[in-house]
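So the structure is just underneath, and the comments pick up after that.
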Amino acid sequence: MQMDIPHPGTNWPTAYTRQNPPATPQGPAHSGYPKSEGANPGSPTDYAVPPPDYPGAVQPKFPIQNQQGCNHQPGGPTGVSWMPAPSVPLNCPPGLEYLSQIDQILIHQQVELLEVLTGFETNNKFEIKNSLGQRVYFAVEDTDCCTRNCCGPCRPFTLKILDNLGREVITMERPLRCDDCCFPCCLQEIEIQAPPGVPIGYITQKWHPCLPKYAVQNERREDVLKITGPCVACRCCTDIDFKIKSLDEESVVGKITKHWSGFLREAFTDADNFGIQFPLDLDVKIKAALLGACFLIDFMFFEEIK
């Protein structure tokens, strides 16, 4: 389902507006927390390098080949084009330059036939696309069989985000935490790393008796945005919006939307469709953190055993 694109005439809050914002093919650039740096055709050289003994720093052996145009991943959907690689902005972690050119992300979870027929939980796989339907990344969950089937939606997980060359450009780590609102001292969180081993952001759950609330934090664990959702248990047969707000919660700067996929898909699978909307000039590291927020929300509220 196509997400709503902000009208070019939308008046964003003063705190999010640049002086004389440059026009782009997607409309005016909207500012965020913090803004991305200017474009640099060269590769960044001052970004932190992950420790050599970090296991996630090893290139995964996923059969994804170099793809241009309409080439596709072996074993994946045919006719799916990849987003062309843009120029690399200054101080941008490797692989996140794709996020500098988009203000919307569409996430499609793949349906696993074995899981549908047997109820046996398998590693989740996701396609991450832009608003034109071009694939930006491919996400693969990496957890063992025992953890997936014993812990269910509460399970800790490692999610690897791959680019069109099969390189792991983002790693998301969710630790094991108690999934019960009666224990506010042990709330959910997810760490976003880019490149693997280098934290660039965190999503931390804030305690509330009935509403999902989260803080979006930078690499220094400073709050930069907040996310507030509805009472998810009371919503069905419709899209569900989690609003991305400023720190004072007075301005809505984007949203994470769980799209209704139809009765059969919702009833018999846990494969969900999401969309994320944010300001175009939001820092790419915060955009990657919002991608992590979407996966955390999916596991907490929509990864049900059918």
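Chain lettering (A, B, ...) mirrors the order of the structure tokens, residue numbering begins at 1 for each chain separately, and ligand numbering begins at 1 in order of display.
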Q. Could you pull out all residues of segment 80-204 of chain A with a DSSP call of strand (DSSP E or B) and give them as a ChimeraX atom specification?
A. /A:82,89,104-109,125-129,135-141,157-162,168-174,189-193,199-204
Q: For Lys285 of chain A, work out the shell of residues within 9 Å, counting only C-alpha atoms and skipping chain neighbours fewer than 2 positions away, then give it as a ChimeraX atom specification.
A: /A:36,92-93,96,99,192,194,200-201,218-219,282-283,287-290
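In this comparison, which uses only C-alpha atoms, the residue of A:Asp103, A:Glu112, A:Asp241, A:Glu191 approaching Gly292 of chain A most closely is A:Glu191.
With only C-alpha atoms as the atoms that count, the residue of A:Cys154, A:Ile276, A:Ile190, A:Ala139 with the shortest distance to Ile170 of chain A is A:Ala139.
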Q) Which residue, A:Ala293, A:Gln134, A:Leu280, A:Leu247, has the smallest gap to Pro212 of chain A when you use only C-alpha atoms? A) A:Ala293
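One distance worth recording is that between atom CA of Arg174 of chain A and atom CA of Pro156 of chain A, which is 5.1 Å.
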(Q) as a PyMOL selection string, please: the residues near Cys294 of chain A (cut-off 12 Å, only C-alpha atoms, same-chain neighbours under 6 positions excluded). (A) chain A and resi 105-109+126+128+172+189-190+192+203+214+216+227+229+241-244+255-258+272-277+287-288+300-302
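You will find atom CA of Phe157 of chain A at 12.1 Å from atom CA of Gln188 of chain A.
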(Q) I'd like the interatomic distance between atom CA of Asp223 of chain A and atom CA of Glu173 of chain A, to a tenth of an Å. (A) 18.7 Å
